[in-house]
Amino acid sequence: MSIASQATDRVIIFDTTLRDGEQSPGATLNVEEKLAIAHQLALLGVDVIEAGFAVASPGDFIAVKTIAEQVGKVDGPIICSLARATRKDIQAAAEALKPAAHPRIHTMISTSDIHLQYQLKKSRSEVLAIAQEMVAFAKSFVDDVEFSPMDASRTEPEFLYQVLEVAIAAGATTINIPDTVGYCTPKEIGILIQGIRKNVPNIDSVILSIHTQNDLGLATANALAAIENGVRQVECTINGIGERAGNAALEEIVMALQVRKHYFNPYFSRPVDADAPLTNVKTQEIYKTSSLVSQLTGMLIQPNKAIVGANAFAHESGIHQDGIIKHRQTYEIMEAASIGLPENRIVLGKHSGRNAFRTRLKELGLELNEADLNKAFNRFKEVADKKKEISDWDLEAIVRDETQNQAESGFQLEHVQVICGDCTCPTATITIVTPEGKILTDASVGTGPVDAVYQVINRLVQIPNQLIEFSVQSVTGGIDALGTVTIRLRYQDRIFSGQASDTDIVVAAAYAHLNAVNRLYRYLQTQKIPAQVSE
């Protein structure tokens, strides 16, 4: 199946959370976490999943291949791998994508003069030849080839038109236009797309795509402007995560097209009042997908984030509250239920049973297997003894912590004890179980309780790292609220994050720190696995 052969009366959603999104500092994911996100993206209904950059590392190769095997079914989404315009990259992508029913190779090369001069150190004629040769090479492996002229928005237009014409002639089925550094305004994006449609003679034979970065906060606006000017595929990520300031957020694109459907319909030659959705995305899965990505990447969602932020459907102003009570649409343009967010935050307590717990999790879209349910329920009971009421936000934090993918080879935290105060030296005593099953206990002092925890865990695990961020966010209000701690560690040029929640912030810090260490540990393990790339 090639989307290029399908009708283009809707927007194709190309999700690059697992590739560009993972390039967010600290968002490193292991294979199991990537697979979990890929399965959820398939449930969400995205058309294309860019599963990774196969040649980047052995772990990336395995992730792309695993997703191609388990998610790339006949009735599933297209599975894509990024590849630079080199034979090595394209061969790696082709090999990793072999199990997919609908594989796509996405190859790219820089085209702006600044990139050619300082990055590629190649002439325009060399880039034209490479684009033609490498698109044709990718086409020899798969029918579905996407081509991106990197930094297209800063490329001299006439040269851009030449590159695109050559790529299409060589077999590209999708042409993607990246605003790589988030430089454009919506009006400029419109002019850019109009120029391409007018001056590239074979452009009508392919799907035209857009990739907008958010450096100036214009990614979503730019993507929508591109749609108005004939683009029919949008590259985006869940929660807008990605390199630097991130990408266009999938949830914002999809809900803008849903809420403003009557505005966008004419751009698709539809009657203004047509009700058919403009994407294949099941919007009720948005909140669940957003939470999963936040959980596994360790990247918290800002409260005022559009669509999925905690305050997106909250009203504190008396005027707004009065309006909502009288008529919801006075201050809400969409319903919380439309993205799968429960409107009523039901409260459980220490007397709630397993069935009520299981039922509420299902209502929140949290389907757990029996083992994970037991772990989560036991943790729920522990927290319920400390808190009078357990809200849905607390439940989500509990499930996140208890189902975080802890590989069998990872470190496990057994006990945490901290002594601190204004008249004593902060001391932490911690017991862990090593990947080999050894039980180790040690103690250390620090400038504060969290620093003491950090010092002793590092002495126990013996993996060098540097703590670069420690942050705490209250899950709910109240003095007994769960606190979520986010830790970011640096190892060489990579950043690894960990997250955990507890009513005791120091305990949460210990678990979060070990979660980050385990991500680092698994990364180091995957670097020892040889990539299975054919010659």
# chains A, B, ... in the order shown; residues from 1 in each chain; ligands from 1
$ select_by_dssp --residues "stretch 17-163 of chain A" --states "strand (DSSP E or B)" --output "NGL selection string"
:A and (26-27 or 48-52 or 78-84 or 103-110 or 144-150)
$ residues_around --residues "A:Thr403" --least-positions-apart "2" --cutoff "8 Å" --atoms "only C-alpha atoms" --output "CSV table (one decimal) with N, CA, C and O atoms, in the first residue's frame"
chain,number,residue,atom,x,y,z
A,372,ASP,N,0.8,-6.7,36.3
A,372,ASP,CA,0.9,-5.2,36.4
A,372,ASP,C,-0.2,-4.7,37.3
A,372,ASP,O,0.0,-3.8,38.1
A,376,ALA,N,0.3,-2.6,40.7
A,376,ALA,CA,-0.3,-1.3,40.8
A,376,ALA,C,-1.3,-1.2,41.9
A,376,ALA,O,-1.4,-0.2,42.7
A,399,VAL,N,0.2,4.0,38.3
A,399,VAL,CA,0.3,3.0,37.2
A,399,VAL,C,1.6,3.3,36.4
A,399,VAL,O,2.3,2.4,36.0
A,400,ARG,N,1.9,4.6,36.2
A,400,ARG,CA,3.1,4.9,35.5
A,400,ARG,C,4.3,4.3,36.2
A,400,ARG,O,5.2,3.7,35.6
A,401,ASP,N,4.4,4.5,37.5
A,401,ASP,CA,5.5,4.1,38.2
A,401,ASP,C,5.6,2.5,38.3
A,401,ASP,O,6.7,2.0,38.1
A,405,ASN,N,8.9,0.2,32.4
A,405,ASN,CA,9.7,-1.0,31.9
A,405,ASN,C,11.0,-1.1,32.6
A,405,ASN,O,11.9,-0.4,32.3
$ residues_around --residues "A:Tyr263" --least-positions-apart "5" --cutoff "12 Å" --atoms "only C-alpha atoms" --output "list in words"
Leu224, Ile227, Glu228, Ala256, Leu257, Gln258, Phe268, Ser269, Arg270, Pro271, Val272, Asp273, Ala274, Asp275 and Leu278 of chain A
$ select_by_dssp --residues "stretch 199-230 of chain A" --states "alpha helix (DSSP H)" --output "list in words"
Asn199, Ala219, Thr220, Ala221, Asn222, Ala223, Leu224, Ala225, Ala226, Ile227 and Glu228 of chain A
$ write_last_selection --atoms "N, CA, C and O atoms" --output "PDB file, in the first residue's frame"
ATOM      1  N   ASN A 199       6.009  25.319  -9.732  1.00  0.00           N
ATOM      2  CA  ASN A 199       7.255  25.250 -10.485  1.00  0.00           C
ATOM      3  C   ASN A 199       7.906  23.874 -10.577  1.00  0.00           C
ATOM      4  O   ASN A 199       8.913  23.717 -11.268  1.00  0.00           O
ATOM      5  N   ALA A 219       5.111  26.119  14.846  1.00  0.00           N
ATOM      6  CA  ALA A 219       5.058  24.828  14.144  1.00  0.00           C
ATOM      7  C   ALA A 219       3.647  24.437  13.736  1.00  0.00           C
ATOM      8  O   ALA A 219       3.405  24.051  12.582  1.00  0.00           O
ATOM      9  N   THR A 220       2.700  24.510  14.664  1.00  0.00           N
ATOM     10  CA  THR A 220       1.326  24.113  14.341  1.00  0.00           C
ATOM     11  C   THR A 220       0.711  25.076  13.329  1.00  0.00           C
ATOM     12  O   THR A 220       0.086  24.648  12.344  1.00  0.00           O
ATOM     13  N   ALA A 221       0.899  26.364  13.535  1.00  0.00           N
ATOM     14  CA  ALA A 221       0.352  27.357  12.601  1.00  0.00           C
ATOM     15  C   ALA A 221       0.945  27.162  11.203  1.00  0.00           C
ATOM     16  O   ALA A 221       0.228  27.254  10.194  1.00  0.00           O
ATOM     17  N   ASN A 222       2.240  26.889  11.129  1.00  0.00           N
ATOM     18  CA  ASN A 222       2.879  26.673   9.835  1.00  0.00           C
ATOM     19  C   ASN A 222       2.353  25.419   9.142  1.00  0.00           C
ATOM     20  O   ASN A 222       2.138  25.406   7.931  1.00  0.00           O
ATOM     21  N   ALA A 223       2.141  24.355   9.912  1.00  0.00           N
ATOM     22  CA  ALA A 223       1.617  23.121   9.334  1.00  0.00           C
ATOM     23  C   ALA A 223       0.206  23.326   8.792  1.00  0.00           C
ATOM     24  O   ALA A 223      -0.138  22.843   7.704  1.00  0.00           O
ATOM     25  N   LEU A 224      -0.614  24.055   9.523  1.00  0.00           N
ATOM     26  CA  LEU A 224      -1.984  24.314   9.063  1.00  0.00           C
ATOM     27  C   LEU A 224      -1.985  25.213   7.825  1.00  0.00           C
ATOM     28  O   LEU A 224      -2.793  25.028   6.914  1.00  0.00           O
ATOM     29  N   ALA A 225      -1.052  26.169   7.788  1.00  0.00           N
ATOM     30  CA  ALA A 225      -0.940  27.014   6.596  1.00  0.00           C
ATOM     31  C   ALA A 225      -0.543  26.183   5.385  1.00  0.00           C
ATOM     32  O   ALA A 225      -1.022  26.412   4.266  1.00  0.00           O
ATOM     33  N   ALA A 226       0.335  25.198   5.606  1.00  0.00           N
ATOM     34  CA  ALA A 226       0.743  24.313   4.516  1.00  0.00           C
ATOM     35  C   ALA A 226      -0.440  23.494   4.007  1.00  0.00           C
ATOM     36  O   ALA A 226      -0.610  23.295   2.795  1.00  0.00           O
ATOM     37  N   ILE A 227      -1.272  23.033   4.934  1.00  0.00           N
ATOM     38  CA  ILE A 227      -2.474  22.271   4.546  1.00  0.00           C
ATOM     39  C   ILE A 227      -3.388  23.137   3.681  1.00  0.00           C
ATOM     40  O   ILE A 227      -3.925  22.683   2.672  1.00  0.00           O
ATOM     41  N   GLU A 228      -3.566  24.397   4.058  1.00  0.00           N
ATOM     42  CA  GLU A 228      -4.405  25.305   3.280  1.00  0.00           C
ATOM     43  C   GLU A 228      -3.879  25.488   1.861  1.00  0.00           C
ATOM     44  O   GLU A 228      -4.629  25.814   0.945  1.00  0.00           O
TER      45      GLU A 228
END
$ atom_distance --atom1 "atom CA of A:Ile168" --atom2 "atom CA of A:Pro201"
9.8 Å
$ residues_around --residues "A:Ser474" --least-positions-apart "5" --cutoff "7 Å" --atoms "only C-alpha atoms" --output "list of chain:residue names"
A:Ala481, A:Leu482, A:Gly483, A:Thr484
$ closest_residue --among "A:Ala248, A:Ala94, A:Ala397, A:Ile468" --to "A:Leu296" --atoms "only C-alpha atoms"
A:Ala397
$ closest_residue --among "A:Leu164, A:Ala443, A:Met134, A:Leu128" --to "A:Asp89" --atoms "only C-alpha atoms"
A:Met134
$ residues_around --residues "A:Ile286" --least-positions-apart "2" --cutoff "7 Å" --atoms "only C-alpha atoms" --output "number ranges by chain"
A: 44, 251, 283-284, 288-290, 339-340
$ atom_distance --atom1 "atom CA of A:Val418" --atom2 "atom CA of A:Gly478"
23.5 Å
$ atom_distance --atom1 "atom CA of A:Gly246" --atom2 "atom CA of A:Ile37"
17.9 Å
$ residues_around --residues "A:Ala36" --least-positions-apart "3" --cutoff "10 Å" --atoms "only C-alpha atoms" --output "list of chain:residue names"
A:Val31, A:Glu32, A:Glu33, A:His39, A:Gln40, A:Leu41, A:Ile67, A:Val71, A:Leu292, A:Val293, A:Leu296, A:Asn405
$ decode --residues "stretch 16-30 of chain A" --atoms "N, CA, C and O atoms" --output "tab-separated table (two decimals), in the first residue's frame"
chain	number	residue	atom	x	y	z
A	16	THR	N	6.38	11.10	13.96
A	16	THR	CA	7.82	10.91	14.12
A	16	THR	C	8.27	11.02	15.58
A	16	THR	O	9.40	11.39	15.88
A	17	THR	N	7.36	10.68	16.49
A	17	THR	CA	7.69	10.69	17.93
A	17	THR	C	8.89	9.80	18.22
A	17	THR	O	9.75	10.15	19.03
A	18	LEU	N	8.96	8.64	17.57
A	18	LEU	CA	10.01	7.67	17.86
A	18	LEU	C	11.33	8.00	17.17
A	18	LEU	O	12.34	7.35	17.43
A	19	ARG	N	11.32	8.99	16.29
A	19	ARG	CA	12.56	9.39	15.63
A	19	ARG	C	12.92	10.81	16.02
A	19	ARG	O	13.78	11.03	16.85
A	20	ASP	N	12.24	11.81	15.50
A	20	ASP	CA	12.56	13.19	15.86
A	20	ASP	C	12.20	13.47	17.31
A	20	ASP	O	12.92	14.17	18.02
A	21	GLY	N	11.09	12.92	17.77
A	21	GLY	CA	10.68	13.13	19.16
A	21	GLY	C	11.72	12.61	20.14
A	21	GLY	O	11.99	13.23	21.18
A	22	GLU	N	12.33	11.47	19.82
A	22	GLU	CA	13.31	10.89	20.73
A	22	GLU	C	14.60	11.70	20.76
A	22	GLU	O	15.45	11.49	21.62
A	23	GLN	N	14.76	12.63	19.82
A	23	GLN	CA	15.94	13.48	19.82
A	23	GLN	C	15.84	14.60	20.86
A	23	GLN	O	16.80	15.36	21.03
A	24	SER	N	14.70	14.69	21.56
A	24	SER	CA	14.60	15.62	22.68
A	24	SER	C	15.62	15.21	23.74
A	24	SER	O	15.73	14.04	24.07
A	25	PRO	N	16.38	16.16	24.29
A	25	PRO	CA	17.34	15.81	25.34
A	25	PRO	C	16.66	15.07	26.49
A	25	PRO	O	15.69	15.55	27.06
A	26	GLY	N	17.15	13.87	26.80
A	26	GLY	CA	16.61	13.09	27.90
A	26	GLY	C	15.49	12.15	27.53
A	26	GLY	O	15.02	11.38	28.36
A	27	ALA	N	15.06	12.16	26.27
A	27	ALA	CA	13.90	11.34	25.88
A	27	ALA	C	14.30	9.98	25.33
A	27	ALA	O	13.53	9.35	24.63
A	28	THR	N	15.50	9.53	25.62
A	28	THR	CA	15.97	8.24	25.09
A	28	THR	C	15.05	7.10	25.52
A	28	THR	O	14.72	6.96	26.69
A	29	LEU	N	14.65	6.29	24.55
A	29	LEU	CA	13.74	5.17	24.80
A	29	LEU	C	14.43	3.86	24.46
A	29	LEU	O	15.21	3.79	23.50
A	30	ASN	N	14.12	2.81	25.22
A	30	ASN	CA	14.65	1.50	24.85
A	30	ASN	C	13.67	0.82	23.89
A	30	ASN	O	12.59	1.35	23.59
